[in-house]
file model28.pdb (PDB, C-alpha atoms)
ATOM      1  CA  LEU P   1      62.897 100.431  89.195
ATOM      2  CA  HIS P   2      62.186  97.723  86.666
ATOM      3  CA  LYS P   3      61.322 100.121  83.866
ATOM      4  CA  SER P   4      64.275 102.390  84.659
ATOM      5  CA  MET P   5      66.651  99.416  84.411
ATOM      6  CA  ARG P   6      64.932  98.318  81.196
ATOM      7  CA  SER P   7      65.397 101.839  79.819
ATOM      8  CA  GLY P   8      69.129 101.673  80.504
ATOM      9  CA  ASP P   9      69.056 104.478  83.084
ATOM     10  CA  PRO P  10      71.371 103.691  86.024
ATOM     11  CA  ASP P  11      70.667 107.028  87.725
ATOM     12  CA  ALA P  12      66.895 106.591  87.798
ATOM     13  CA  SER P  13      67.401 102.931  88.754
ATOM     14  CA  LEU P  14      69.414 103.977  91.800
ATOM     15  CA  TYR P  15      66.827 106.612  92.685
ATOM     16  CA  TRP P  16      63.917 104.153  92.574
ATOM     17  CA  LEU P  17      65.921 101.531  94.459
ATOM     18  CA  ALA P  18      66.675 104.107  97.171
ATOM     19  CA  ARG P  19      63.011 105.114  97.318
ATOM     20  CA  MET P  20      61.937 101.504  97.683
ATOM     21  CA  ILE P  21      64.466 100.659 100.380
ATOM     22  CA  ASP P  22      63.926 103.917 102.263
ATOM     23  CA  SER P  23      60.141 103.416 102.252
ATOM     24  CA  GLY P  24      60.469  99.970 103.802
ATOM     25  CA  ASP P  25      60.081  97.632 100.821
ATOM     26  CA  ASP P  26      61.556  94.219 101.529
ATOM     27  CA  PRO P  27      65.074  94.221 100.024
ATOM     28  CA  LEU P  28      64.748  90.507  99.239
ATOM     29  CA  TYR P  29      61.614  91.267  97.198
ATOM     30  CA  ILE P  30      63.640  93.889  95.347
ATOM     31  CA  GLY P  31      66.401  91.321  94.811
ATOM     32  CA  ARG P  32      63.847  88.833  93.500
ATOM     33  CA  ARG P  33      62.674  91.435  90.976
ATOM     34  CA  MET P  34      66.293  92.002  89.911
ATOM     35  CA  VAL P  35      66.842  88.285  89.384
ATOM     36  CA  ARG P  36      63.693  88.140  87.296
ATOM     37  CA  PHE P  37      64.857  91.187  85.350
ATOM     38  CA  ALA P  38      68.213  89.506  84.681
ATOM     39  CA  VAL P  39      66.561  86.476  83.075
ATOM     40  CA  GLU P  40      63.597  88.228  81.461
ATOM     41  CA  ASP P  41      65.044  91.495  80.201
ATOM     42  CA  VAL P  42      68.817  90.973  79.903
ATOM     43  CA  GLY P  43      68.898  87.250  79.169
ATOM     44  CA  MET P  44      71.480  85.933  76.747
ATOM     45  CA  ALA P  45      72.633  89.440  75.786
ATOM     46  CA  ASP P  46      74.658  89.241  79.030
ATOM     47  CA  PRO P  47      74.283  85.903  80.847
ATOM     48  CA  SER P  48      76.483  87.245  83.650
ATOM     49  CA  ALA P  49      73.594  89.490  84.701
ATOM     50  CA  LEU P  50      71.914  86.526  86.381
ATOM     51  CA  THR P  51      75.055  85.820  88.392
ATOM     52  CA  VAL P  52      75.336  89.478  89.405
ATOM     53  CA  ALA P  53      71.695  89.591  90.513
ATOM     54  CA  MET P  54      71.921  86.302  92.438
ATOM     55  CA  ARG P  55      75.158  87.319  94.148
ATOM     56  CA  ALA P  56      73.575  90.636  95.159
ATOM     57  CA  VAL P  57      70.712  88.750  96.790
ATOM     58  CA  ASP P  58      73.175  86.389  98.515
ATOM     59  CA  CYS P  59      75.241  89.352  99.670
ATOM     60  CA  TYR P  60      72.168  91.070 101.068
ATOM     61  CA  ARG P  61      71.164  87.907 102.927
ATOM     62  CA  PHE P  62      74.682  87.692 104.386
ATOM     63  CA  LEU P  63      75.167  91.371 105.303
ATOM     64  CA  GLY P  64      71.676  92.768 105.716
ATOM     65  CA  SER P  65      71.098  96.520 105.704
ATOM     66  CA  PRO P  66      72.718  98.939 105.268
ATOM     67  CA  GLU P  67      75.804  97.183 103.841
ATOM     68  CA  GLY P  68      73.800  94.744 101.729
ATOM     69  CA  ASP P  69      71.921  97.642 100.160
ATOM     70  CA  LEU P  70      75.112  98.464  98.255
ATOM     71  CA  ALA P  71      75.074  95.031  96.626
ATOM     72  CA  LEU P  72      71.553  95.721  95.382
ATOM     73  CA  ALA P  73      72.650  99.154  94.165
ATOM     74  CA  GLU P  74      75.569  97.613  92.282
ATOM     75  CA  ALA P  75      73.253  95.062  90.690
ATOM     76  CA  ALA P  76      70.776  97.803  89.713
ATOM     77  CA  VAL P  77      73.519  99.724  87.895
ATOM     78  CA  TYR P  78      74.851  96.572  86.225
ATOM     79  CA  LEU P  79      71.399  95.537  85.052
ATOM     80  CA  ALA P  80      70.565  99.040  83.821
ATOM     81  CA  ILE P  81      73.655  99.288  81.619
ATOM     82  CA  ALA P  82      73.604  95.678  80.434
ATOM     83  CA  PRO P  83      72.493  94.960  76.861
ATOM     84  CA  LYS P  84      68.904  93.731  76.796
ATOM     85  CA  SER P  85      67.297  90.718  75.144
ATOM     86  CA  ASN P  86      64.055  88.896  75.844
ATOM     87  CA  SER P  87      64.706  86.219  73.203
ATOM     88  CA  VAL P  88      64.866  83.369  75.726
ATOM     89  CA  TYR P  89      61.733  84.679  77.456
ATOM     90  CA  THR P  90      59.918  84.655  74.113
ATOM     91  CA  ALA P  91      61.337  81.257  73.139
ATOM     92  CA  TRP P  92      60.281  79.761  76.465
ATOM     93  CA  GLY P  93      56.706  80.901  75.840
ATOM     94  CA  LEU P  94      56.739  79.299  72.384
ATOM     95  CA  ALA P  95      58.217  76.072  73.766
ATOM     96  CA  LEU P  96      55.568  75.844  76.488
ATOM     97  CA  LYS P  97      52.799  76.489  73.961
ATOM     98  CA  LEU P  98      54.162  73.795  71.635
ATOM     99  CA  ALA P  99      54.553  71.264  74.458
ATOM    100  CA  ARG P 100      51.018  71.903  75.663
ATOM    101  CA  GLU P 101      49.527  71.698  72.158
ATOM    102  CA  LYS P 102      51.320  68.480  71.193
ATOM    103  CA  GLY P 103      51.063  66.685  74.517
ATOM    104  CA  SER P 104      53.323  63.879  75.646
ATOM    105  CA  LEU P 105      54.826  62.644  72.403
ATOM    106  CA  PRO P 106      57.238  59.735  72.957
ATOM    107  CA  VAL P 107      60.990  60.309  73.056
ATOM    108  CA  PRO P 108      62.508  59.122  69.750
ATOM    109  CA  MET P 109      64.221  55.743  70.001
ATOM    110  CA  HIS P 110      67.637  57.153  69.063
ATOM    111  CA  LEU P 111      67.506  59.560  72.047
ATOM    112  CA  ARG P 112      66.636  56.890  74.598
ATOM    113  CA  ASN P 113      69.377  55.532  76.817
ATOM    114  CA  ALA P 114      70.042  51.818  76.567
ATOM    115  CA  PRO P 115      71.530  50.716  79.884
ATOM    116  CA  THR P 116      70.242  47.126  79.557
ATOM    117  CA  LYS P 117      70.678  44.401  76.969
ATOM    118  CA  LEU P 118      66.917  44.308  76.349
ATOM    119  CA  MET P 119      66.810  48.044  75.633
ATOM    120  CA  LYS P 120      69.652  47.664  73.140
ATOM    121  CA  GLU P 121      67.792  44.801  71.476
ATOM    122  CA  LEU P 122      64.734  47.070  71.240
ATOM    123  CA  ASP P 123      66.911  49.640  69.413
ATOM    124  CA  TYR P 124      67.032  52.174  72.211
ATOM    125  CA  GLY P 125      69.830  54.577  71.322
ATOM    126  CA  LYS P 126      70.265  53.182  67.799
ATOM    127  CA  GLY P 127      71.430  55.957  65.474
ATOM    128  CA  TYR P 128      72.239  58.384  68.275
ATOM    129  CA  GLN P 129      75.122  60.677  67.401
ATOM    130  CA  TYR P 130      77.333  61.568  70.354
ATOM    131  CA  ALA P 131      78.399  65.166  69.686
ATOM    132  CA  HIS P 132      81.879  64.594  71.135
ATOM    133  CA  ASP P 133      82.538  61.821  68.619
ATOM    134  CA  VAL P 134      81.179  63.640  65.545
ATOM    135  CA  LYS P 135      83.271  65.967  63.383
ATOM    136  CA  ASP P 136      82.937  69.527  64.691
ATOM    137  CA  GLY P 137      80.335  68.264  67.189
ATOM    138  CA  LEU P 138      77.773  68.562  64.409
ATOM    139  CA  VAL P 139      74.891  66.188  65.126
ATOM    140  CA  THR P 140      72.479  65.754  62.241
ATOM    141  CA  HIS P 141      69.697  63.678  63.804
ATOM    142  CA  SER P 142      66.519  65.357  64.998
ATOM    143  CA  ASN P 143      66.037  65.880  68.711
ATOM    144  CA  PHE P 144      62.296  66.483  68.447
ATOM    145  CA  PRO P 145      59.746  63.692  68.940
ATOM    146  CA  ASP P 146      58.638  61.645  65.938
ATOM    147  CA  GLY P 147      55.641  63.321  64.352
ATOM    148  CA  LEU P 148      56.747  66.781  65.418
ATOM    149  CA  PRO P 149      58.709  68.482  62.661
ATOM    150  CA  GLU P 150      61.776  70.400  63.745
ATOM    151  CA  ARG P 151      61.181  74.089  64.142
ATOM    152  CA  ARG P 152      62.965  77.178  65.336
ATOM    153  CA  ILE P 153      61.897  78.326  68.756
ATOM    154  CA  TYR P 154      64.871  80.396  69.889
ATOM    155  CA  PHE P 155      65.786  83.393  67.761
ATOM    156  CA  PRO P 156      68.803  85.127  69.299
ATOM    157  CA  GLY P 157      68.832  88.907  69.199
ATOM    158  CA  ASP P 158      71.587  91.197  68.004
ATOM    159  CA  ARG P 159      72.687  92.766  71.295
ATOM    160  CA  GLY P 160      75.629  91.968  73.514
ATOM    161  CA  ARG P 161      76.796  88.382  73.731
ATOM    162  CA  GLU P 162      73.629  87.166  72.050
ATOM    163  CA  ALA P 163      74.823  88.612  68.727
ATOM    164  CA  ARG P 164      77.698  86.099  68.801
ATOM    165  CA  VAL P 165      75.286  83.358  69.861
ATOM    166  CA  ARG P 166      73.126  84.208  66.830
ATOM    167  CA  GLU P 167      76.110  84.036  64.456
ATOM    168  CA  THR P 168      77.249  80.711  65.887
ATOM    169  CA  LEU P 169      73.736  79.245  65.765
ATOM    170  CA  GLU P 170      73.192  80.357  62.157
ATOM    171  CA  GLN P 171      76.513  78.797  61.097
ATOM    172  CA  TRP P 172      75.638  75.589  62.928
ATOM    173  CA  LEU P 173      72.141  75.421  61.393
ATOM    174  CA  ASN P 174      73.540  76.011  57.887
ATOM    175  CA  ARG P 175      76.223  73.321  58.329
ATOM    176  CA  ARG P 176      73.645  70.914  59.790
ATOM    177  CA  SER P 177      71.284  71.529  56.883
ATOM    178  CA  ALA P 178      74.081  70.955  54.350
ATOM    179  CA  ALA P 179      75.177  67.750  56.118
ATOM    180  CA  ARG P 180      71.635  66.349  55.913
ATOM    181  CA  ARG P 181      71.440  66.790  52.130
TER     182      ARG P 181
END
call {"tool": "encode", "arguments": {"input": "model28.pdb", "output": "structure tokens"}}
result
Amino acid sequence: LHKSMRSGDPDASLYWLARMIDSGDDPLYIGRRMVRFAVEDVGMADPSALTVAMRAVDCYRFLGSPEGDLALAEAAVYLAIAPKSNSVYTAWGLALKLAREKGSLPVPMHLRNAPTKLMKELDYGKGYQYAHDVKDGLVTHSNFPDGLPERRIYFPGDRGREARVRETLEQWLNRRSAARR
């Protein structure tokens, strides 16, 4: 089922789903696999895929078989024909690796909240740029810990909605870089 959806084949996806349900596989296990597929294989190329998969699982829980099987079938077709991207999956792996390698670096002072007078006196929040108050929402300060140079972790793909995300991110990074000069 998973590989048929990944291959973009709704017919084979329906076949394997039917085989699994007919042979007694737990439909909620199948739904769990679909949710994972939505975040791992479709991702930001079509963020609605996660909603479709979750709603199918909710529908199955509410209706049970055989009516709920149709919700899983609908999700299988949606996921099979959705554009695919594992960019967030890859980025998450890189982020975890970086966090584990660098350990618990302190939060930069400008990113710390300053709810008390003492914290303000200690410069918590000093230099923080509130995106809603900055022209075009373009914040130029770093959001990484001191001692950890900024780096790209998320590289959007060129499929589905993620292609627009990539264009927007590239424009934002170029404008941010120019504003820092």
call {"tool": "resolve_selection", "arguments": {"input": "model28.pdb", "expression": "the PyMOL selection byres ((chain P and resi 20) around 12)", "output": "tab-separated table (two decimals) with C-alpha atoms, in the frame of the given file"}}
result
chain	number	residue	atom	x	y	z
P	1	LEU	CA	62.90	100.43	89.20
P	2	HIS	CA	62.19	97.72	86.67
P	13	SER	CA	67.40	102.93	88.75
P	14	LEU	CA	69.41	103.98	91.80
P	15	TYR	CA	66.83	106.61	92.68
P	16	TRP	CA	63.92	104.15	92.57
P	17	LEU	CA	65.92	101.53	94.46
P	18	ALA	CA	66.68	104.11	97.17
P	19	ARG	CA	63.01	105.11	97.32
P	21	ILE	CA	64.47	100.66	100.38
P	22	ASP	CA	63.93	103.92	102.26
P	23	SER	CA	60.14	103.42	102.25
P	24	GLY	CA	60.47	99.97	103.80
P	25	ASP	CA	60.08	97.63	100.82
P	26	ASP	CA	61.56	94.22	101.53
P	27	PRO	CA	65.07	94.22	100.02
P	28	LEU	CA	64.75	90.51	99.24
P	29	TYR	CA	61.61	91.27	97.20
P	30	ILE	CA	63.64	93.89	95.35
P	31	GLY	CA	66.40	91.32	94.81
P	69	ASP	CA	71.92	97.64	100.16
P	72	LEU	CA	71.55	95.72	95.38
P	73	ALA	CA	72.65	99.15	94.16
call {"tool": "resolve_selection", "arguments": {"input": "model28.pdb", "expression": "the PyMOL selection byres ((chain P and resi 83-91) around 12)", "output": "PyMOL selection string"}}
result
chain P and resi 5-9+36-49+78-82+92-98+151-163+165-166
call {"tool": "write_last_selection", "arguments": {"input": "model28.pdb", "atoms": "C-alpha atoms", "output": "mmCIF file, keeping the file's coordinate frame"}}
result
data_model
loop_
_atom_site.group_PDB
_atom_site.id
_atom_site.type_symbol
_atom_site.label_atom_id
_atom_site.label_comp_id
_atom_site.auth_asym_id
_atom_site.auth_seq_id
_atom_site.Cartn_x
_atom_site.Cartn_y
_atom_site.Cartn_z
ATOM 1 C CA MET P 5 66.651 99.416 84.411
ATOM 2 C CA ARG P 6 64.932 98.318 81.196
ATOM 3 C CA SER P 7 65.397 101.839 79.819
ATOM 4 C CA GLY P 8 69.129 101.673 80.504
ATOM 5 C CA ASP P 9 69.056 104.478 83.084
ATOM 6 C CA ARG P 36 63.693 88.140 87.296
ATOM 7 C CA PHE P 37 64.857 91.187 85.350
ATOM 8 C CA ALA P 38 68.213 89.506 84.681
ATOM 9 C CA VAL P 39 66.561 86.476 83.075
ATOM 10 C CA GLU P 40 63.597 88.228 81.461
ATOM 11 C CA ASP P 41 65.044 91.495 80.201
ATOM 12 C CA VAL P 42 68.817 90.973 79.903
ATOM 13 C CA GLY P 43 68.898 87.250 79.169
ATOM 14 C CA MET P 44 71.480 85.933 76.747
ATOM 15 C CA ALA P 45 72.633 89.440 75.786
ATOM 16 C CA ASP P 46 74.658 89.241 79.030
ATOM 17 C CA PRO P 47 74.283 85.903 80.847
ATOM 18 C CA SER P 48 76.483 87.245 83.650
ATOM 19 C CA ALA P 49 73.594 89.490 84.701
ATOM 20 C CA TYR P 78 74.851 96.572 86.225
ATOM 21 C CA LEU P 79 71.399 95.537 85.052
ATOM 22 C CA ALA P 80 70.565 99.040 83.821
ATOM 23 C CA ILE P 81 73.655 99.288 81.619
ATOM 24 C CA ALA P 82 73.604 95.678 80.434
ATOM 25 C CA TRP P 92 60.281 79.761 76.465
ATOM 26 C CA GLY P 93 56.706 80.901 75.840
ATOM 27 C CA LEU P 94 56.739 79.299 72.384
ATOM 28 C CA ALA P 95 58.217 76.072 73.766
ATOM 29 C CA LEU P 96 55.568 75.844 76.488
ATOM 30 C CA LYS P 97 52.799 76.489 73.961
ATOM 31 C CA LEU P 98 54.162 73.795 71.635
ATOM 32 C CA ARG P 151 61.181 74.089 64.142
ATOM 33 C CA ARG P 152 62.965 77.178 65.336
ATOM 34 C CA ILE P 153 61.897 78.326 68.756
ATOM 35 C CA TYR P 154 64.871 80.396 69.889
ATOM 36 C CA PHE P 155 65.786 83.393 67.761
ATOM 37 C CA PRO P 156 68.803 85.127 69.299
ATOM 38 C CA GLY P 157 68.832 88.907 69.199
ATOM 39 C CA ASP P 158 71.587 91.197 68.004
ATOM 40 C CA ARG P 159 72.687 92.766 71.295
ATOM 41 C CA GLY P 160 75.629 91.968 73.514
ATOM 42 C CA ARG P 161 76.796 88.382 73.731
ATOM 43 C CA GLU P 162 73.629 87.166 72.050
ATOM 44 C CA ALA P 163 74.823 88.612 68.727
ATOM 45 C CA VAL P 165 75.286 83.358 69.861
ATOM 46 C CA ARG P 166 73.126 84.208 66.830
#
call {"tool": "resolve_selection", "arguments": {"input": "model28.pdb", "expression": "the PyMOL selection byres ((chain P and resi 136) around 12)", "output": "number ranges by chain"}}
result
P: 130-135, 137-140, 171-172, 175-176, 179
call {"tool": "atom_distance", "arguments": {"input": "model28.pdb", "atom1": "atom CA of Thr51 of chain P", "atom2": "atom CA of Ala76 of chain P"}}
result
12.8 Å
call {"tool": "atom_distance", "arguments": {"input": "model28.pdb", "atom1": "atom CA of Glu74 of chain P", "atom2": "atom CA of Lys3 of chain P"}}
result
16.7 Å
call {"tool": "closest_residue", "arguments": {"input": "model28.pdb", "among": "P:Gly147, P:Gly125, P:Gly68, P:Gly103", "to": "Arg55 of chain P", "atoms": "only C-alpha atoms"}}
result
P:Gly68
call {"tool": "atom_distance", "arguments": {"input": "model28.pdb", "atom1": "atom CA of Pro10 of chain P", "atom2": "atom CA of Phe62 of chain P"}}
result
24.6 Å
